[in-house]
Amino acid sequence: MLKTGKTLGMVFFPAYDWAISPSHPEREERLLYTQDQVMEEGVFDIEGIHIYNPSVASRDDITRVHFCVPDVEARVPDPHLISAGGAITAGEKLLSGEVEKAFAIVRPPGHHAQRVVYGDRGFCIINIEAVMIEHLRQKFGRKKIAVVDTDCHHGDGTQDIYWNDPDTLYISIHQDGRTLYPGSGFIDELGGPSAYGYTINIPLPPQTGEEGFLYVLDNLVLPILDEYEPDLVINSAGQDNHYTDPITNMKFTAQGYAELNRRLSPDIAVLEGGYSIEGALPYVNLGIILAMAGMDYSHVQEPDYDEFQLRQDPAIGDYIEKLCPALWERWNSRDTRSEGVRKKKEMITESRRVYYDTDGITEQQTRSYYLCEICAGIDVIESRSDRGDHIYAVTVPRGACPSCREKGAFLFESSKKQRFTNRYLQDRDQDEFFTS
Amino acid sequence: MRSIGERIVIAGLDVGGTKVDAALFDHGRLISKAKVPTDTSSLFDSVWSALEQLLGGVEPTRVERINLSTTLSTNAIVEGTTDPVCMFIESGPGIDPALFSCGDAVVYLEGSIDHRGREIQSFDPEAVKQGGKTFSAEGMEHAGVVTKFCTRNPEHERQIKTLLKPFFSHITMGHTVSGNLNFPRRIATAYLNSAVYKRFSTFAKALSDACSKKGMTPALHILKADGGTLPLHSAVNTPVFTIHSGPTASVAGACVLSSIEGDAILLDIGGTTTDIAFLADGDTLFEPYGISVGSSPTLVRAVYSQSIALGGDSAVSAENGEIRIGPRRVGSPRALGGPLPTPTDAFLSLGLMEMGDRTKALEAMKVLGQQLGLSSLETAQKIARQFVKTIRGRVHELLEEINARPVYTIRELLFGKKVRPRVLSVIGGPAKAVCPLLEEIFGLNCVVPEFHEIANAVGAALSRTTIEITLIADTAEGYVNVPEIDYTATVGEGYTLEEAERDAVEIASRVAREMETGEEMPEAEITEKSSFNMVRGFSRVGRRIRVKAQIKPGILFIPRGGHGC
């Protein structure tokens, strides 16, 4: 009987009775062919592969990460709670030592879900990786975690959530935002004042192939991880860089995804996007499973794979070779750059507009960071939606110093004098959540 | 209305590793039972002598049906007396088939079929013929042909089989052994089927010849691992389905005899082991994919049954002030002159059963008790309780596993069926002895069915045909397949789930009627169904429909009380 090199815990939950709408990419059929392939390959029989049903993420799991407006119950339907629950189950099996690697093949995805949630963005309502990460930190202790997002779209939600968190390194490899939704993820988006340099965006030109992805991995991502020394590496395993994906323009392959996973060797992988449900997902998922389990994947190949067609334009290789040193320089100089950003300031304020494409909502958001020399400092979000919401949300960071905790509570209380539709206080240090 | 089964003479035989149990029913009434030792060198002789003993004064020609559960195929595999098989395997992309394929010779073919059943690459007919020529020249008579995704498109398997016919006397095609997806299991199943083909068909011929010689013309049926029967002439082509029918006969028997409606635990407490099975809503629970034979998982549909090394004859010892039961059986209980104390000695000491020499049992308890600082009866009590608690521990583990079986819909995840047994049914030697303790320790009602000591033979006698078919339709590709019966047809774009369900029920019911001539069979029922709209761009291009229909394990009739069995 077949055996894995490393034990792999898998949550496989295709949610066959749920779709955003009948012809939406997030529909019942999405993981059907993946399941056919995985079942026919006999993956669930392999000794060392363990299959788990997902749990359902709790309200506390969600409020630890998000400000759902008005609340979790109103904003987050069961399929999203189960998808996040699947990621949580995968992570728990890993950290409890039951398995050496974990992979959650779940839907819907989550990496476009930001801290404030008015609705669905890019098929995501809650950020399933972040919900998992914060659940794991709560249960297993504060950890240094790196998220490597290999979805073709910039993971603007994960970036937003960990923007100011030095405990979480966020690296996103994606198709250049000038050519694809959500239009962000440029090289100078580097993080908030307490985590400047800990957000790394690697925008790649359309038509990047195996060569380019693996070059970026070897020459930039792996060296950065070596320096950061995370306790856990998480792969947001979107599969839409595939050459057959209908809504993106890359040339990545099943072999490439498997190879990337072998080299990156993430502890946990979580499926994100990927909508070439017949031509890519069955083969990419199989490749990732085998690579994570330390098994041979050399025979995994798409039926229409054509080496010649999938060769990368040399100009793209040249571009990437210049891009990597530029990003390395930003990583290397993160401390001095951070000093420059923080210099003599007590507070830094950022403003932006957020569009919820799936639900057609526009949000205007202002975020203020209160700088602290001891801890990551509190931050405050003030946000309005075009549906009439006007919220005020205070976050006290993990490991907050006493004066910041006090300040957080004070700001939350003081806000009651102003007219907001909802007020929130998220205390990540004490794992408490208040609303009024 | 009485079924035909109730009006005739039926013999049920369960051929076990050590003995053949047999039961004879006449007009629904148990009229005779028999036990003879199994002669593993000639199973046929054992079967025949059990039958002769069973019939006693009954005129052999009156026997109209014989249901037989036999370990023939299982033994052949365990003993390695199977025939060499040449496997033809077409894999396509995926896990390297060389890592799991089996067979005495393997020919790997280059073609491939994808998950939708589309031909991606054709195979090379010359390579097939060359393989057939080479290995038949080496003396191989049996072959197996398995292609990946053959349940979606069996055409390659059919073509390869046609090419191989001149070279082999029997060829198993992968899609005919199961409609479920699982390439490695399908390879193992097809291999085993071909490997035991000759042994089984020789046995089948000996049995029908012996019947003819006696002027008997019974319908001959063989038990399958799923708790049903298969006519002997069909079983000859798919002997792999008869593997592990022995434990199943007991489960079937316990099931029949206790007629339980809800969720239940079935225990068969033997000398060396205890078998554990479950009922969910009154129906036997199946293995999720199929039974494992040795270390090979297969697609042979089977009643879920787990064994623990704990039985009435397990050796009991005292270690560091603790009782240890099993896992080995060293000999009979002390009461029967055996070397070591056993749980049976404990039950005897407590007056829970009668057998052999109780004073010897008490003596054994006394000696053990001295090591533990307990009286004989306290020791016996401790052993009995530990015996039952060990079973309970395992039962709970299994239930946890069963209730954690993967589900794929939100509805099932949130509201799916969980198996929560309300009753225990126990058969086997110490059944009556442990019944009160089982009730106390499990906190459940416990029943010991009538005839429980020959439940396996009764189970065998009363079993009838079961069938499971899988109907797979892809309206975009325009096909409908029922792999188990090697059926393929074209369907139009408008083919619906409702039509598929109707077709599946019709096909399953018809096949069952053909196998069970003369018996009234229930209509088949749908056990699984799904229909996915296949959307490309923004429009629906077709439906992927999958339906499973079955005739579940059931009985020919409900037995009436015997004559003091």
# chains A, B, ... in the order shown; residues from 1 in each chain; ligands from 1
>>> residues_around(residues="Leu8 in chain A", least_positions_apart="5", cutoff="10 Å", atoms="only C-alpha atoms", output="list of chain:residue names")
A:Ile46, A:Glu47, A:Gly48, A:Ile49, A:His50, A:Ile51, A:Ala90, A:Lys93, A:Leu94, A:Glu98, A:Val99, A:Glu100, A:Lys101, A:Ala102, A:Phe103, A:Asp267, A:Ile268, A:Ile289, A:Leu290, A:Met292, A:Ala293, A:Gly294
>>> write_last_selection(atoms="N, CA and C atoms", output="PDB file, in the first residue's frame")
ATOM      1  N   ILE A  46      -4.220   6.411   1.094  1.00  0.00           N
ATOM      2  CA  ILE A  46      -2.768   6.398   1.280  1.00  0.00           C
ATOM      3  C   ILE A  46      -2.446   6.456   2.769  1.00  0.00           C
ATOM      4  N   GLU A  47      -1.580   5.559   3.198  1.00  0.00           N
ATOM      5  CA  GLU A  47      -1.218   5.532   4.605  1.00  0.00           C
ATOM      6  C   GLU A  47      -0.445   6.801   4.940  1.00  0.00           C
ATOM      7  N   GLY A  48      -0.933   7.525   5.937  1.00  0.00           N
ATOM      8  CA  GLY A  48      -0.283   8.786   6.283  1.00  0.00           C
ATOM      9  C   GLY A  48      -1.109   9.999   5.870  1.00  0.00           C
ATOM     10  N   ILE A  49      -2.187   9.750   5.093  1.00  0.00           N
ATOM     11  CA  ILE A  49      -3.104  10.849   4.773  1.00  0.00           C
ATOM     12  C   ILE A  49      -4.365  10.669   5.609  1.00  0.00           C
ATOM     13  N   HIS A  50      -4.712  11.713   6.342  1.00  0.00           N
ATOM     14  CA  HIS A  50      -5.870  11.637   7.233  1.00  0.00           C
ATOM     15  C   HIS A  50      -6.897  12.670   6.792  1.00  0.00           C
ATOM     16  N   ILE A  51      -8.148  12.258   6.736  1.00  0.00           N
ATOM     17  CA  ILE A  51      -9.205  13.142   6.255  1.00  0.00           C
ATOM     18  C   ILE A  51     -10.074  13.576   7.432  1.00  0.00           C
ATOM     19  N   ALA A  90      -7.729  22.053  10.026  1.00  0.00           N
ATOM     20  CA  ALA A  90      -6.425  21.688   9.460  1.00  0.00           C
ATOM     21  C   ALA A  90      -5.299  22.163  10.380  1.00  0.00           C
ATOM     22  N   LYS A  93      -5.089  20.192  13.736  1.00  0.00           N
ATOM     23  CA  LYS A  93      -4.520  18.851  13.585  1.00  0.00           C
ATOM     24  C   LYS A  93      -2.990  18.949  13.500  1.00  0.00           C
ATOM     25  N   LEU A  94      -2.526  20.014  12.867  1.00  0.00           N
ATOM     26  CA  LEU A  94      -1.085  20.199  12.743  1.00  0.00           C
ATOM     27  C   LEU A  94      -0.459  20.545  14.095  1.00  0.00           C
ATOM     28  N   GLU A  98      -0.976  15.791  15.494  1.00  0.00           N
ATOM     29  CA  GLU A  98      -1.563  14.610  14.844  1.00  0.00           C
ATOM     30  C   GLU A  98      -0.977  14.375  13.461  1.00  0.00           C
ATOM     31  N   VAL A  99      -0.630  15.456  12.777  1.00  0.00           N
ATOM     32  CA  VAL A  99      -0.067  15.346  11.427  1.00  0.00           C
ATOM     33  C   VAL A  99       1.098  16.312  11.283  1.00  0.00           C
ATOM     34  N   GLU A 100       1.932  16.061  10.259  1.00  0.00           N
ATOM     35  CA  GLU A 100       3.102  16.918  10.055  1.00  0.00           C
ATOM     36  C   GLU A 100       2.840  18.058   9.080  1.00  0.00           C
ATOM     37  N   LYS A 101       1.834  17.857   8.203  1.00  0.00           N
ATOM     38  CA  LYS A 101       1.444  18.896   7.248  1.00  0.00           C
ATOM     39  C   LYS A 101      -0.076  18.907   7.188  1.00  0.00           C
ATOM     40  N   ALA A 102      -0.655  20.042   6.791  1.00  0.00           N
ATOM     41  CA  ALA A 102      -2.111  20.083   6.698  1.00  0.00           C
ATOM     42  C   ALA A 102      -2.540  20.890   5.474  1.00  0.00           C
ATOM     43  N   PHE A 103      -3.617  20.429   4.850  1.00  0.00           N
ATOM     44  CA  PHE A 103      -4.112  21.081   3.638  1.00  0.00           C
ATOM     45  C   PHE A 103      -5.635  21.138   3.722  1.00  0.00           C
ATOM     46  N   ASP A 267       3.684  24.552   6.262  1.00  0.00           N
ATOM     47  CA  ASP A 267       3.093  23.658   7.257  1.00  0.00           C
ATOM     48  C   ASP A 267       1.622  23.432   6.940  1.00  0.00           C
ATOM     49  N   ILE A 268       0.967  24.530   6.545  1.00  0.00           N
ATOM     50  CA  ILE A 268      -0.466  24.464   6.262  1.00  0.00           C
ATOM     51  C   ILE A 268      -0.717  25.125   4.910  1.00  0.00           C
ATOM     52  N   ILE A 289      -1.147  18.028  -2.975  1.00  0.00           N
ATOM     53  CA  ILE A 289      -1.312  16.974  -1.956  1.00  0.00           C
ATOM     54  C   ILE A 289      -0.065  16.088  -1.931  1.00  0.00           C
ATOM     55  N   LEU A 290       0.348  15.637  -3.103  1.00  0.00           N
ATOM     56  CA  LEU A 290       1.496  14.724  -3.160  1.00  0.00           C
ATOM     57  C   LEU A 290       2.769  15.418  -2.691  1.00  0.00           C
ATOM     58  N   MET A 292       3.034  17.970  -0.605  1.00  0.00           N
ATOM     59  CA  MET A 292       2.999  18.184   0.847  1.00  0.00           C
ATOM     60  C   MET A 292       3.227  16.880   1.603  1.00  0.00           C
ATOM     61  N   ALA A 293       2.738  15.781   1.035  1.00  0.00           N
ATOM     62  CA  ALA A 293       2.894  14.485   1.709  1.00  0.00           C
ATOM     63  C   ALA A 293       4.267  13.873   1.448  1.00  0.00           C
ATOM     64  N   GLY A 294       5.114  14.606   0.724  1.00  0.00           N
ATOM     65  CA  GLY A 294       6.458  14.094   0.455  1.00  0.00           C
ATOM     66  C   GLY A 294       6.450  12.900  -0.480  1.00  0.00           C
TER      67      GLY A 294
END
>>> residues_around(residues="range 153-165 of chain A", least_positions_apart="5", cutoff="7 Å", atoms="only C-alpha atoms", output="PyMOL selection string")
chain A and resi 111-115+127+130+170+172+174-175+181-182+184-185+191-195+199
>>> closest_atom_pairs(of="chain B", to="chain A", cutoff="9 Å", atoms="only C-alpha atoms", output="JSON lines")
{"residue": "B:Gly92", "atom": "CA", "partner": "A:His299", "partner_atom": "CA", "distance": 8.3}
{"residue": "B:Pro93", "atom": "CA", "partner": "A:Val300", "partner_atom": "CA", "distance": 5.1}
{"residue": "B:Gly94", "atom": "CA", "partner": "A:Val300", "partner_atom": "CA", "distance": 4.5}
{"residue": "B:Ile95", "atom": "CA", "partner": "A:His299", "partner_atom": "CA", "distance": 6.0}
{"residue": "B:Asp96", "atom": "CA", "partner": "A:His299", "partner_atom": "CA", "distance": 5.9}
{"residue": "B:Leu99", "atom": "CA", "partner": "A:Leu2", "partner_atom": "CA", "distance": 6.8}
{"residue": "B:Phe100", "atom": "CA", "partner": "A:Met1", "partner_atom": "CA", "distance": 6.2}
{"residue": "B:Ser112", "atom": "CA", "partner": "A:Pro303", "partner_atom": "CA", "distance": 8.7}
{"residue": "B:Asp114", "atom": "CA", "partner": "A:Pro303", "partner_atom": "CA", "distance": 7.8}
{"residue": "B:His115", "atom": "CA", "partner": "A:Asp36", "partner_atom": "CA", "distance": 6.4}
{"residue": "B:Arg116", "atom": "CA", "partner": "A:Tyr33", "partner_atom": "CA", "distance": 8.0}
{"residue": "B:Ile120", "atom": "CA", "partner": "A:Pro303", "partner_atom": "CA", "distance": 6.6}
{"residue": "B:Gln121", "atom": "CA", "partner": "A:Pro303", "partner_atom": "CA", "distance": 8.8}
{"residue": "B:Lys148", "atom": "CA", "partner": "A:Glu40", "partner_atom": "CA", "distance": 7.3}
{"residue": "B:Phe149", "atom": "CA", "partner": "A:Glu40", "partner_atom": "CA", "distance": 7.0}
{"residue": "B:Asn180", "atom": "CA", "partner": "A:Glu40", "partner_atom": "CA", "distance": 8.4}
{"residue": "B:Leu181", "atom": "CA", "partner": "A:Glu40", "partner_atom": "CA", "distance": 4.6}
{"residue": "B:Asn182", "atom": "CA", "partner": "A:Glu40", "partner_atom": "CA", "distance": 4.0}
{"residue": "B:Phe183", "atom": "CA", "partner": "A:Glu40", "partner_atom": "CA", "distance": 5.1}
{"residue": "B:Pro184", "atom": "CA", "partner": "A:Gly42", "partner_atom": "CA", "distance": 6.1}
{"residue": "B:Arg185", "atom": "CA", "partner": "A:Gly42", "partner_atom": "CA", "distance": 7.3}
{"residue": "B:Ser295", "atom": "CA", "partner": "A:Met1", "partner_atom": "CA", "distance": 7.1}
{"residue": "B:Ser296", "atom": "CA", "partner": "A:Met1", "partner_atom": "CA", "distance": 6.9}
{"residue": "B:Pro297", "atom": "CA", "partner": "A:Asp45", "partner_atom": "CA", "distance": 8.0}
{"residue": "B:Ala404", "atom": "CA", "partner": "A:Asn53", "partner_atom": "CA", "distance": 6.8}
{"residue": "B:Arg405", "atom": "CA", "partner": "A:Asn53", "partner_atom": "CA", "distance": 7.6}
{"residue": "B:Pro406", "atom": "CA", "partner": "A:Asn53", "partner_atom": "CA", "distance": 5.6}
{"residue": "B:Val407", "atom": "CA", "partner": "A:Asn53", "partner_atom": "CA", "distance": 6.8}
{"residue": "B:Tyr408", "atom": "CA", "partner": "A:Phe13", "partner_atom": "CA", "distance": 5.4}
{"residue": "B:Thr409", "atom": "CA", "partner": "A:Ala15", "partner_atom": "CA", "distance": 4.6}
{"residue": "B:Ile410", "atom": "CA", "partner": "A:Ala15", "partner_atom": "CA", "distance": 5.7}
{"residue": "B:Arg411", "atom": "CA", "partner": "A:Asp17", "partner_atom": "CA", "distance": 7.5}
{"residue": "B:Leu413", "atom": "CA", "partner": "A:Asn53", "partner_atom": "CA", "distance": 7.8}
{"residue": "B:Leu414", "atom": "CA", "partner": "A:Val56", "partner_atom": "CA", "distance": 8.9}
{"residue": "B:Phe532", "atom": "CA", "partner": "A:Glu29", "partner_atom": "CA", "distance": 6.2}
{"residue": "B:Asn533", "atom": "CA", "partner": "A:Glu29", "partner_atom": "CA", "distance": 7.1}
{"residue": "B:Met534", "atom": "CA", "partner": "A:Glu29", "partner_atom": "CA", "distance": 6.8}
{"residue": "B:Val535", "atom": "CA", "partner": "A:Ser23", "partner_atom": "CA", "distance": 6.2}
{"residue": "B:Arg536", "atom": "CA", "partner": "A:Ser23", "partner_atom": "CA", "distance": 8.2}
{"residue": "B:Gly537", "atom": "CA", "partner": "A:Ser23", "partner_atom": "CA", "distance": 7.8}
{"residue": "B:Phe538", "atom": "CA", "partner": "A:Ser23", "partner_atom": "CA", "distance": 5.6}
{"residue": "B:Ser539", "atom": "CA", "partner": "A:Ser23", "partner_atom": "CA", "distance": 6.9}
{"residue": "B:Arg540", "atom": "CA", "partner": "A:Ser23", "partner_atom": "CA", "distance": 7.8}
>>> write_last_selection(atoms="N, CA and C atoms", output="compact mmCIF listing (two decimals), in the first residue's frame")
# COMPACT_ATOMS: atom_id res chain seq x y z
N GLY B 92 -2.72 7.03 -17.38
CA GLY B 92 -2.84 8.46 -17.67
C GLY B 92 -2.21 9.25 -16.54
N PRO B 93 -2.42 10.60 -16.51
CA PRO B 93 -1.74 11.40 -15.49
C PRO B 93 -2.22 11.07 -14.08
N GLY B 94 -1.35 11.24 -13.11
CA GLY B 94 -1.71 11.00 -11.72
C GLY B 94 -0.57 10.35 -10.97
N ILE B 95 -0.92 9.60 -9.95
CA ILE B 95 0.11 8.91 -9.16
C ILE B 95 0.68 7.78 -10.03
N ASP B 96 1.97 7.61 -9.98
CA ASP B 96 2.63 6.57 -10.77
C ASP B 96 2.05 5.19 -10.42
N LEU B 99 3.61 2.31 -8.37
CA LEU B 99 3.72 2.35 -6.91
C LEU B 99 2.68 1.49 -6.21
N PHE B 100 1.60 1.12 -6.91
CA PHE B 100 0.57 0.36 -6.21
C PHE B 100 -0.01 -0.80 -7.00
N SER B 112 -5.07 7.33 -22.14
CA SER B 112 -5.69 7.92 -20.96
C SER B 112 -7.09 8.44 -21.24
N ASP B 114 -10.02 11.03 -19.17
CA ASP B 114 -10.05 12.00 -18.07
C ASP B 114 -11.30 11.81 -17.20
N HIS B 115 -11.42 12.71 -16.20
CA HIS B 115 -12.49 12.56 -15.19
C HIS B 115 -13.89 12.69 -15.78
N ARG B 116 -14.00 13.30 -16.94
CA ARG B 116 -15.32 13.38 -17.57
C ARG B 116 -15.59 12.16 -18.44
N ILE B 120 -8.40 11.03 -23.87
CA ILE B 120 -7.34 12.01 -24.06
C ILE B 120 -6.30 11.43 -25.01
N GLN B 121 -6.02 10.15 -24.83
CA GLN B 121 -5.01 9.50 -25.65
C GLN B 121 -5.44 8.05 -25.85
N LYS B 148 -7.85 3.95 -15.83
CA LYS B 148 -8.32 5.01 -14.92
C LYS B 148 -9.61 5.62 -15.51
N PHE B 149 -10.53 5.94 -14.64
CA PHE B 149 -11.83 6.52 -15.02
C PHE B 149 -12.64 5.63 -15.96
N ASN B 180 -17.75 2.61 -8.21
CA ASN B 180 -17.08 3.66 -7.43
C ASN B 180 -15.73 4.01 -8.01
N LEU B 181 -15.33 5.26 -7.76
CA LEU B 181 -14.01 5.70 -8.19
C LEU B 181 -12.98 5.22 -7.19
N ASN B 182 -11.91 4.66 -7.64
CA ASN B 182 -10.72 4.35 -6.83
C ASN B 182 -9.87 3.38 -7.64
N PHE B 183 -8.97 3.96 -8.38
CA PHE B 183 -8.15 3.21 -9.33
C PHE B 183 -7.31 2.12 -8.64
N PRO B 184 -6.55 2.45 -7.58
CA PRO B 184 -5.75 1.39 -6.95
C PRO B 184 -6.61 0.25 -6.41
N ARG B 185 -7.74 0.59 -5.79
CA ARG B 185 -8.62 -0.45 -5.27
C ARG B 185 -9.20 -1.27 -6.43
N SER B 295 -3.58 -6.89 3.02
CA SER B 295 -3.24 -5.47 3.12
C SER B 295 -3.78 -4.68 1.93
N SER B 296 -4.55 -5.35 1.05
CA SER B 296 -5.05 -4.63 -0.12
C SER B 296 -6.48 -4.15 0.07
N PRO B 297 -6.66 -2.83 0.07
CA PRO B 297 -8.03 -2.34 0.07
C PRO B 297 -8.67 -2.62 -1.29
N ALA B 404 -17.44 10.30 12.01
CA ALA B 404 -16.53 11.29 11.43
C ALA B 404 -16.29 11.01 9.96
N ARG B 405 -17.02 10.08 9.38
CA ARG B 405 -16.83 9.81 7.95
C ARG B 405 -17.06 11.10 7.16
N PRO B 406 -16.25 11.29 6.10
CA PRO B 406 -16.35 12.57 5.40
C PRO B 406 -17.72 12.84 4.79
N VAL B 407 -18.14 14.07 4.89
CA VAL B 407 -19.36 14.51 4.22
C VAL B 407 -19.00 15.68 3.30
N TYR B 408 -19.86 15.93 2.34
CA TYR B 408 -19.48 16.90 1.31
C TYR B 408 -20.50 18.01 1.10
N THR B 409 -21.57 17.99 1.92
CA THR B 409 -22.53 19.08 1.79
C THR B 409 -22.73 19.74 3.15
N ILE B 410 -23.16 20.99 3.08
CA ILE B 410 -23.40 21.75 4.30
C ILE B 410 -24.54 21.11 5.10
N ARG B 411 -25.54 20.64 4.37
CA ARG B 411 -26.68 20.01 5.04
C ARG B 411 -26.22 18.78 5.85
N LEU B 413 -23.19 18.14 6.89
CA LEU B 413 -22.26 18.52 7.96
C LEU B 413 -23.02 19.01 9.18
N LEU B 414 -24.05 19.83 8.93
CA LEU B 414 -24.77 20.43 10.05
C LEU B 414 -25.87 19.54 10.61
N PHE B 532 -25.31 17.85 -10.96
CA PHE B 532 -24.61 19.13 -11.00
C PHE B 532 -24.81 19.78 -12.35
N ASN B 533 -25.19 21.03 -12.34
CA ASN B 533 -25.21 21.77 -13.59
C ASN B 533 -23.78 22.05 -13.97
N MET B 534 -23.44 21.75 -15.21
CA MET B 534 -22.10 22.08 -15.69
C MET B 534 -22.22 23.39 -16.44
N VAL B 535 -21.55 24.41 -15.90
CA VAL B 535 -21.66 25.74 -16.47
C VAL B 535 -20.33 26.10 -17.12
N ARG B 536 -20.38 26.54 -18.35
CA ARG B 536 -19.16 27.03 -18.99
C ARG B 536 -19.49 28.42 -19.51
N GLY B 537 -18.66 29.38 -19.15
CA GLY B 537 -19.02 30.76 -19.42
C GLY B 537 -20.21 31.08 -18.53
N PHE B 538 -21.28 31.56 -19.12
CA PHE B 538 -22.44 31.87 -18.30
C PHE B 538 -23.63 30.97 -18.60
N SER B 539 -23.38 29.90 -19.37
CA SER B 539 -24.54 29.06 -19.67
C SER B 539 -24.32 27.61 -19.29
N ARG B 540 -25.44 26.96 -19.06
CA ARG B 540 -25.39 25.57 -18.67
C ARG B 540 -25.18 24.72 -19.92
>>> select_by_dssp(residues="range 184-398 of chain B", states="alpha helix (DSSP H)", output="PyMOL selection string")
chain B and resi 184-213+232-235+245-258+343-349+358-372+376-398
>>> residues_around(residues="range 474-483 of chain B", least_positions_apart="2", cutoff="9 Å", atoms="only C-alpha atoms", output="PyMOL selection string")
chain B and resi 116-118+150-154+174-179+469-472+485-496+500+504+534+541-546
>>> atom_distance(atom1="CA of Asp61 in chain A", atom2="CA of Arg75 in chain A")
14.1 Å
>>> atom_distance(atom1="CA of Pro230 in chain A", atom2="CA of Ile133 in chain A")
13.0 Å
>>> closest_residue(among="B:Leu285, B:Glu401, B:Lys213, B:Ser73", to="Thr238 in chain B", atoms="only C-alpha atoms")
B:Ser73
>>> residues_around(residues="Ser292 in chain B", least_positions_apart="5", cutoff="12 Å", atoms="only C-alpha atoms", output="JSON, numbers by chain")
{"A": [1, 45], "B": [74, 77, 185, 186, 188, 189, 192, 225, 240, 243, 244, 287, 297, 298, 299, 300, 301, 302, 303, 304, 305, 306]}
>>> write_last_selection(atoms="C-alpha atoms", output="compact mmCIF listing (two decimals), in the first residue's frame")
# COMPACT_ATOMS: atom_id res chain seq x y z
CA MET A 1 0.00 0.00 0.00
CA ASP A 45 -6.40 5.37 1.18
CA THR B 74 -10.43 -15.90 1.15
CA ILE B 77 -5.67 -15.59 -1.05
CA ARG B 185 -8.62 -0.45 -5.27
CA ARG B 186 -10.11 -1.33 -8.64
CA ALA B 188 -6.57 -4.90 -6.60
CA THR B 189 -10.18 -6.03 -6.98
CA LEU B 192 -8.11 -10.79 -6.98
CA ALA B 225 -19.55 -9.73 1.74
CA VAL B 240 -14.19 -11.68 -5.55
CA ILE B 243 -14.57 -12.86 -0.06
CA HIS B 244 -15.29 -12.34 3.65
CA GLU B 287 -17.60 -0.24 4.61
CA PRO B 297 -8.03 -2.34 0.07
CA THR B 298 -10.61 -3.33 -2.55
CA LEU B 299 -13.90 -2.10 -3.94
CA VAL B 300 -15.78 -5.18 -2.76
CA ARG B 301 -18.88 -3.84 -1.10
CA ALA B 302 -19.02 -5.27 2.38
CA VAL B 303 -20.84 -5.09 5.66
CA TYR B 304 -18.77 -3.05 8.10
CA SER B 305 -17.38 -5.44 10.67
CA GLN B 306 -14.40 -4.97 12.94
>>> residues_around(residues="range 371-376 of chain A", least_positions_apart="2", cutoff="10 Å", atoms="only C-alpha atoms", output="number ranges by chain")
A: 164-167, 192-195, 342, 344-348, 368-369, 378-379, 396-404
>>> residues_around(residues="range 245-252 of chain B", least_positions_apart="5", cutoff="6 Å", atoms="only C-alpha atoms", output="short mmCIF file (atom, residue, chain, number, x, y, z; two decimals) with N, CA and C atoms, in the first residue's frame")
data_model
loop_
_atom_site.label_atom_id
_atom_site.label_comp_id
_atom_site.auth_asym_id
_atom_site.auth_seq_id
_atom_site.Cartn_x
_atom_site.Cartn_y
_atom_site.Cartn_z
N SER B 69 -22.15 -19.77 2.36
CA SER B 69 -21.10 -18.77 2.54
C SER B 69 -19.80 -19.54 2.65
N LEU B 223 -23.08 -16.58 -0.73
CA LEU B 223 -23.14 -15.32 0.02
C LEU B 223 -22.02 -14.38 -0.37
N LYS B 224 -22.34 -13.09 -0.32
CA LYS B 224 -21.36 -12.06 -0.63
C LYS B 224 -21.02 -11.31 0.66
N ALA B 225 -19.98 -10.50 0.56
CA ALA B 225 -19.55 -9.73 1.74
C ALA B 225 -20.56 -8.65 2.12
N GLY B 227 -23.72 -9.07 2.58
CA GLY B 227 -24.86 -9.60 3.30
C GLY B 227 -25.96 -10.11 2.40
N ALA B 455 -26.53 -18.41 14.47
CA ALA B 455 -26.98 -17.22 13.73
C ALA B 455 -26.34 -17.16 12.35
N ASN B 456 -25.07 -17.58 12.26
CA ASN B 456 -24.40 -17.51 10.97
C ASN B 456 -25.08 -18.41 9.93
N GLY B 459 -28.42 -16.92 9.18
CA GLY B 459 -28.19 -15.75 8.33
C GLY B 459 -27.94 -16.18 6.90
N ALA B 460 -27.13 -17.22 6.73
CA ALA B 460 -26.84 -17.71 5.39
C ALA B 460 -28.12 -18.22 4.72
#
>>> closest_residue(among="A:Leu180, A:Leu411, A:Leu271, A:Ala315", to="Pro109 in chain A", atoms="only C-alpha atoms")
A:Leu271
>>> residues_around(residues="Lys552 in chain B", least_positions_apart="4", cutoff="12 Å", atoms="only C-alpha atoms", output="PyMOL selection string")
chain B and resi 226-229+252+282-286+301-303+463-469+508-509+512+521-527+548
>>> closest_residue(among="A:His135, A:Arg107, A:Arg384, A:Arg64", to="Gly274 in chain A", atoms="only C-alpha atoms")
A:Arg107
